[in-house]
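Text of the file coords_39.txt, holding compact mmCIF, C-alpha atoms and all ligand atoms:
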```txt
# COMPACT_ATOMS: atom_id res chain seq x y z
CA MET V 1 23.35 -11.74 -4.85
CA ASN V 2 21.32 -10.81 -7.94
CA ARG V 3 17.61 -10.24 -7.49
CA GLN V 4 15.58 -12.34 -9.95
CA THR V 5 12.16 -11.09 -8.90
CA GLY V 6 10.72 -7.82 -7.74
CA ALA V 7 9.69 -6.77 -4.27
CA VAL V 8 6.60 -5.40 -2.57
CA LEU V 9 6.23 -2.31 -0.41
CA VAL V 10 2.90 -1.95 1.43
CA LEU V 11 1.88 1.47 2.72
CA SER V 12 -1.01 1.64 5.16
CA GLY V 13 -2.34 4.21 7.56
CA PRO V 14 -5.42 6.24 8.34
CA SER V 15 -7.11 8.06 5.51
CA GLY V 16 -5.70 11.62 5.64
CA ALA V 17 -2.29 10.59 7.06
CA GLY V 18 -0.55 11.63 3.84
CA LYS V 19 0.06 8.34 1.99
CA SER V 20 -0.80 9.73 -1.46
CA SER V 21 1.19 12.92 -0.84
CA LEU V 22 4.24 10.85 0.15
CA ILE V 23 3.96 8.44 -2.76
CA ASN V 24 3.72 11.38 -5.20
CA LYS V 25 6.80 12.94 -3.65
CA VAL V 26 9.05 9.86 -3.87
CA ILE V 27 7.75 7.93 -6.88
CA ASP V 28 10.31 9.41 -9.31
CA ASP V 29 13.27 8.84 -6.93
CA ILE V 30 12.99 5.16 -6.03
CA GLY V 31 13.91 3.43 -9.27
CA GLU V 32 11.86 1.03 -11.37
CA CYS V 33 8.55 0.67 -9.60
CA TYR V 34 4.89 0.05 -10.21
CA PHE V 35 2.14 1.70 -8.16
CA SER V 36 -0.76 -0.71 -7.91
CA ILE V 37 -3.98 1.06 -8.91
CA SER V 38 -6.77 -0.45 -6.88
CA THR V 39 -10.33 -1.06 -7.98
CA THR V 40 -13.04 0.45 -5.80
CA THR V 41 -16.78 0.87 -5.49
CA ARG V 42 -16.37 4.18 -3.63
CA PRO V 43 -17.59 7.32 -5.44
CA MET V 44 -14.93 9.35 -7.24
CA ARG V 45 -13.70 12.43 -5.31
CA ALA V 46 -13.27 15.84 -6.91
CA GLY V 47 -9.89 15.86 -8.65
CA GLU V 48 -9.63 12.09 -8.98
CA VAL V 49 -9.11 10.51 -12.39
CA GLU V 50 -10.30 7.07 -13.51
CA GLY V 51 -7.32 4.76 -14.05
CA VAL V 52 -4.91 7.10 -12.24
CA HIS V 53 -6.14 7.12 -8.64
CA TYR V 54 -8.44 4.10 -8.85
CA HIS V 55 -10.49 2.03 -11.26
CA PHE V 56 -13.99 3.08 -10.25
CA VAL V 57 -16.56 0.31 -10.73
CA THR V 58 -20.07 -0.68 -9.64
CA LYS V 59 -20.69 -3.32 -6.96
CA GLU V 60 -21.78 -5.74 -9.71
CA GLU V 61 -18.52 -5.23 -11.66
CA PHE V 62 -16.50 -5.68 -8.44
CA GLN V 63 -18.37 -8.92 -7.68
CA LYS V 64 -17.52 -10.21 -11.18
CA ASP V 65 -13.81 -9.63 -10.49
CA ILE V 66 -14.16 -11.54 -7.19
CA ASP V 67 -15.93 -14.42 -8.97
CA ASN V 68 -13.21 -14.54 -11.65
CA ASP V 69 -10.43 -14.65 -9.00
CA ASN V 70 -8.94 -11.44 -10.38
CA PHE V 71 -7.87 -10.02 -7.01
CA LEU V 72 -4.67 -10.59 -5.08
CA GLU V 73 -6.70 -9.30 -2.13
CA TYR V 74 -9.84 -7.27 -1.51
CA ALA V 75 -11.57 -5.79 1.52
CA LEU V 76 -14.55 -3.79 2.70
CA VAL V 77 -13.15 -0.46 3.98
CA HIS V 78 -15.38 2.34 5.32
CA GLY V 79 -18.39 0.64 3.68
CA ASN V 80 -16.85 0.46 0.18
CA TYR V 81 -15.04 -2.37 -1.56
CA TYR V 82 -11.38 -1.99 -2.53
CA GLY V 83 -9.30 -4.60 -4.34
CA THR V 84 -5.84 -5.18 -5.80
CA SER V 85 -5.79 -6.76 -9.25
CA LEU V 86 -3.45 -9.72 -9.46
CA LYS V 87 -2.25 -9.63 -13.08
CA PRO V 88 -0.47 -6.25 -13.24
CA VAL V 89 1.23 -7.05 -9.92
CA LYS V 90 2.48 -10.42 -11.23
CA ASP V 91 3.75 -8.75 -14.43
CA ALA V 92 5.55 -5.98 -12.53
CA LEU V 93 7.19 -8.48 -10.15
CA ALA V 94 8.34 -10.60 -13.10
CA GLU V 95 9.99 -7.46 -14.51
CA GLY V 96 11.87 -7.04 -11.21
CA LYS V 97 10.01 -3.90 -10.19
CA LEU V 98 9.23 -2.62 -6.71
CA VAL V 99 5.44 -2.83 -6.41
CA LEU V 100 3.85 -0.20 -4.15
CA PHE V 101 0.48 -0.77 -2.50
CA ASP V 102 -1.62 1.83 -0.69
CA ILE V 103 -3.91 -0.61 1.11
CA ASP V 104 -5.52 -0.95 4.54
CA VAL V 105 -4.52 -3.21 7.45
CA GLN V 106 -6.65 -6.11 6.15
CA GLY V 107 -4.90 -5.82 2.78
CA ASN V 108 -1.49 -5.87 4.48
CA THR V 109 -2.37 -9.14 6.24
CA ALA V 110 -3.56 -10.69 2.96
CA VAL V 111 -0.50 -9.55 0.97
CA ASN V 112 1.82 -10.83 3.71
CA ASN V 113 0.06 -14.19 3.65
CA ARG V 114 0.60 -14.52 -0.11
CA LEU V 115 3.84 -12.62 -0.75
CA GLY V 116 5.35 -12.26 2.74
CA GLU V 117 8.86 -13.30 1.71
CA ILE V 118 9.25 -10.34 -0.63
CA THR V 119 7.06 -7.86 1.26
CA THR V 120 8.11 -4.90 3.40
CA SER V 121 5.41 -2.87 5.13
CA VAL V 122 5.23 0.65 6.49
CA PHE V 123 2.53 2.29 8.57
CA ILE V 124 2.10 6.02 7.99
CA THR V 125 0.32 8.28 10.43
CA THR V 126 -0.02 11.87 11.62
CA PRO V 127 1.68 12.88 14.90
CA THR V 128 -1.72 13.04 16.66
CA LEU V 129 -5.39 12.24 16.18
CA SER V 130 -6.32 15.92 16.20
CA GLU V 131 -3.84 16.58 13.37
CA LEU V 132 -5.53 13.78 11.43
CA LYS V 133 -8.90 15.50 11.92
CA ASN V 134 -7.39 18.83 10.77
CA ARG V 135 -6.03 17.27 7.58
CA LEU V 136 -9.25 15.46 6.72
CA TYR V 137 -11.36 18.61 7.20
CA LYS V 138 -8.80 20.78 5.37
CA ARG V 139 -8.63 18.35 2.42
CA SER V 140 -12.43 18.82 2.19
CA THR V 141 -12.94 15.91 -0.19
CA ASP V 142 -15.41 14.06 2.05
CA SER V 143 -18.64 14.87 3.90
CA ASP V 144 -18.55 15.38 7.69
CA GLU V 145 -20.21 12.00 8.15
CA VAL V 146 -17.60 10.22 6.00
CA ILE V 147 -14.80 12.04 7.88
CA GLU V 148 -16.20 11.00 11.29
CA ASN V 149 -16.38 7.40 10.05
CA ARG V 150 -12.74 7.58 8.88
CA ILE V 151 -11.65 8.95 12.27
CA LYS V 152 -13.40 6.06 14.03
CA MET V 153 -11.58 3.62 11.71
CA ALA V 154 -8.27 5.39 12.34
CA LYS V 155 -8.53 4.70 16.08
CA ARG V 156 -8.87 0.99 15.28
CA GLU V 157 -6.15 0.92 12.59
CA ILE V 158 -3.58 2.56 14.86
CA GLN V 159 -3.86 -0.43 17.25
CA ARG V 160 -2.23 -2.59 14.53
CA ILE V 161 1.02 -0.65 13.96
CA SER V 162 3.00 -3.53 15.47
CA GLU V 163 2.09 -5.67 12.42
CA TYR V 164 4.30 -3.41 10.25
CA ASP V 165 8.07 -3.39 9.66
CA PHE V 166 8.35 0.42 9.79
CA LEU V 167 6.48 3.43 11.13
CA ILE V 168 6.58 6.89 9.56
CA VAL V 169 5.12 9.78 11.55
CA ASN V 170 4.31 12.23 8.77
CA ASP V 171 4.87 15.56 10.53
CA ASP V 172 7.29 17.34 8.18
CA LEU V 173 6.47 16.08 4.66
CA ASP V 174 10.06 16.37 3.33
CA GLU V 175 11.51 14.44 6.26
CA ALA V 176 8.85 11.76 5.99
CA ALA V 177 9.51 11.47 2.23
CA GLN V 178 13.24 10.98 2.87
CA THR V 179 12.47 8.16 5.33
CA LEU V 180 10.17 6.54 2.78
CA ARG V 181 12.95 6.67 0.14
CA LEU V 182 15.24 4.78 2.55
CA ILE V 183 12.54 2.20 3.30
CA ALA V 184 11.95 1.69 -0.45
CA GLN V 185 15.67 0.98 -0.86
CA ALA V 186 15.57 -1.51 2.00
CA ALA V 187 12.47 -3.18 0.53
CA ARG V 188 14.39 -3.85 -2.70
CA LEU V 189 17.22 -5.45 -0.75
CA LYS V 190 14.97 -7.90 1.10
CA VAL V 191 15.82 -11.38 -0.11
CA SER V 192 13.41 -14.29 -0.40
CA ASN V 193 14.24 -17.80 0.86
CA ASP V 194 14.53 -18.98 -2.76
CA ILE V 195 17.21 -16.42 -3.49
CA ILE V 196 19.05 -17.26 -0.25
CA ASN V 197 18.93 -21.00 -0.98
CA ASP V 198 20.14 -20.40 -4.51
CA PHE V 199 23.00 -18.25 -3.23
CA VAL V 200 24.05 -20.79 -0.58
CA HIS V 201 23.94 -23.56 -3.18
CA LYS V 202 26.16 -21.63 -5.61
CA TRP V 203 28.44 -20.45 -2.81
CA GLU V 204 29.02 -24.06 -1.74
CA ASP V 205 29.68 -25.06 -5.37
CA ILE V 206 32.38 -22.46 -5.70
CA GLU V 207 34.02 -23.75 -2.50
CA SER V 208 34.14 -27.39 -3.66
P1 LIG V 301 -4.02 9.84 2.38
O1 LIG V 301 -3.56 9.48 1.00
O2 LIG V 301 -3.28 9.10 3.45
O3 LIG V 301 -5.51 9.74 2.56
P2 LIG V 301 -3.35 12.59 1.61
O4 LIG V 301 -2.02 12.44 0.95
O5 LIG V 301 -4.55 12.82 0.74
O6 LIG V 301 -3.64 11.38 2.63
O7 LIG V 301 -3.18 13.80 2.66
C1 LIG V 301 -4.30 14.29 3.40
C2 LIG V 301 -4.22 15.81 3.46
O8 LIG V 301 -3.13 16.20 4.32
C3 LIG V 301 -3.96 16.47 2.11
O9 LIG V 301 -4.72 17.67 2.03
C4 LIG V 301 -2.45 16.75 2.12
O10 LIG V 301 -2.13 17.88 1.32
C5 LIG V 301 -2.19 17.03 3.61
N1 LIG V 301 -0.85 16.63 4.09
C6 LIG V 301 -0.14 15.51 3.75
N2 LIG V 301 1.03 15.47 4.42
C7 LIG V 301 1.08 16.57 5.20
C8 LIG V 301 2.05 17.10 6.14
N3 LIG V 301 3.22 16.48 6.41
N4 LIG V 301 1.75 18.26 6.77
C9 LIG V 301 0.57 18.89 6.52
N5 LIG V 301 -0.38 18.47 5.65
C10 LIG V 301 -0.14 17.31 4.99
P1 LIG V 302 -9.51 6.21 0.24
O1 LIG V 302 -11.00 6.03 0.09
O2 LIG V 302 -9.16 7.27 1.26
O3 LIG V 302 -8.81 6.38 -1.08
O4 LIG V 302 -8.95 4.84 0.85
C1 LIG V 302 -9.53 4.31 2.01
C2 LIG V 302 -8.71 3.16 2.52
O5 LIG V 302 -8.74 2.06 1.59
C3 LIG V 302 -7.23 3.49 2.73
O6 LIG V 302 -6.85 2.96 4.00
C4 LIG V 302 -6.53 2.74 1.61
O7 LIG V 302 -5.22 2.36 2.00
C5 LIG V 302 -7.44 1.53 1.47
N1 LIG V 302 -7.31 0.87 0.15
C6 LIG V 302 -7.19 1.44 -1.07
N2 LIG V 302 -7.08 0.50 -2.02
C7 LIG V 302 -7.14 -0.70 -1.39
C8 LIG V 302 -7.06 -2.07 -1.85
O8 LIG V 302 -6.94 -2.38 -3.02
N3 LIG V 302 -7.17 -3.03 -0.90
C9 LIG V 302 -7.32 -2.75 0.44
N4 LIG V 302 -7.39 -3.77 1.29
N5 LIG V 302 -7.39 -1.48 0.90
C10 LIG V 302 -7.30 -0.48 0.00
```

The structure given in the file should be rewritten as structure tokens.
Amino acid sequence: MNRQTGAVLVLSGPSGAGKSSLINKVIDDIGECYFSISTTTRPMRAGEVEGVHYHFVTKEEFQKDIDNDNFLEYALVHGNYYGTSLKPVKDALAEGKLVLFDIDVQGNTAVNNRLGEITTSVFITTPTLSELKNRLYKRSTDSDEVIENRIKMAKREIQRISEYDFLIVNDDLDEAAQTLRLIAQAARLKVSNDIINDFVHKWEDIES
């Protein structure tokens, strides 16, 4: 069964769980893929680069993108807006690529509503809440107030793990990365109803 279109892999999980670390570790090992760079109104962190980690915009610029229907999905997360631009995703899917999203639970619901047939989702978390706190404080990219807010959000996000196809507990980074490589392979093999119908149609033709 040849795949005509690409596939989507959604990664969600509390801020500080290790999503970026895992993506960086596997991105060169999972074949042709496109990492969706979100647009955000959140301030840039030390070490972040415009156009690499995010497209950093003002609230007014973000609102313009909403008005022009430029987003596949967008959400208010921790008081800042984050959105996924539609066009580069469409282009990457048309090229048969695996499109990776690092988006929150609201984004996962929206992507599943629009692209559910070709979407696989994975929730990534630390083994415990206290380990999450350790990592956020150790990363030291956010103020104490922002970190406390993220921890509050994490307690809510964790209640929605059952909405995901897979769970990765990111304890040992290498082991977690290996699991993510396997999930990326599985995501590519997921077949949409169109592809199944096409296959069944051709299969019946060959029989007759
Ligand atoms: P996220 O993208 O989910 O917000 P990061 O990838 O920025 O998370 O990771 C948060 C912090 O935890 C970083 O300082 C990172 O180096 C560290 N980290 C990631 N994975 C592990 C792990 N398995 N064990 C220990 N520290 C980790
Ligand atoms: P951070 O500020 O730590 O980079 O990201 C905060 C949260 O926003 C994370 O849960 C991340 O997955 C989520 N996020 C990043 N980009 C998007 C996006 O485009 N859409 C949605 N819905 N969430 C996003």

When the cut-off is 9 Å and you count all atoms listed in the file, which residues lie near ligand LIG 301 (chain V), shown as a ChimeraX atom specification?
-> /V:12-24,102,124-126,131-132,134-141,169-176

Could you check which of V:Val191, V:Leu9, V:Asp67, V:Arg181 is closest to Phe123 (chain V), using only C-alpha atoms?
->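 Closest to Phe123 (chain V) of all the choices is V:Leu9.
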
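Distances to Ser162 (chain V) were evaluated for V:Val122, V:Ala94, V:Val146, V:Val200 using all atoms listed in the file, and the minimum falls at V:Val122.
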
Dump the neighbourhood of ligand LIG 302 (chain V) as JSON, numbers by chain: all residues within 8 Å, distances computed on all atoms listed in the file.
-> {"V": [11, 12, 13, 14, 15, 16, 19, 37, 38, 39, 40, 42, 54, 73, 74, 75, 76, 77, 78, 81, 82, 83, 84, 85, 101, 102, 103, 104, 105, 106, 107, 108]}

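If only C-alpha atoms are the atoms counted, then among V:Ile161, V:Ser36, V:Lys133, V:Leu167 the closest residue to Leu86 (chain V) is V:Ser36.
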
Quick one: pull the distance between CA of Lys87 (chain V) and CA of Phe71 (chain V), Å, one decimal.
-> 8.3 Å

Counting all atoms listed in the file, the residue of V:Gln178, V:Val8, V:Asn149, V:Leu72 that sits nearest Val26 (chain V) |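 Using all atoms listed in the file, Val26 (chain V) sits closest to V:Gln178.
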
Any idea what the distance is between CA of Leu182 (chain V) and CA of Arg150 (chain V)?
->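 Those two atoms sit 28.8 Å apart.
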
May I ask for the distance between CA of Ala177 (chain V) and CA of Ile27 (chain V), given in Å to one decimal place?
-> 9.9 Å

With a distance cut-off of 12 Å and all atoms listed in the file, select the neighbouring residues of Leu189 (chain V), excluding the residue or stretch itself and same-chain residues fewer than 5 positions from it, and output the selection as an MDAnalysis selection string.
-> chainID V and resid 1:9 96:98 117:120 182:184 195:196
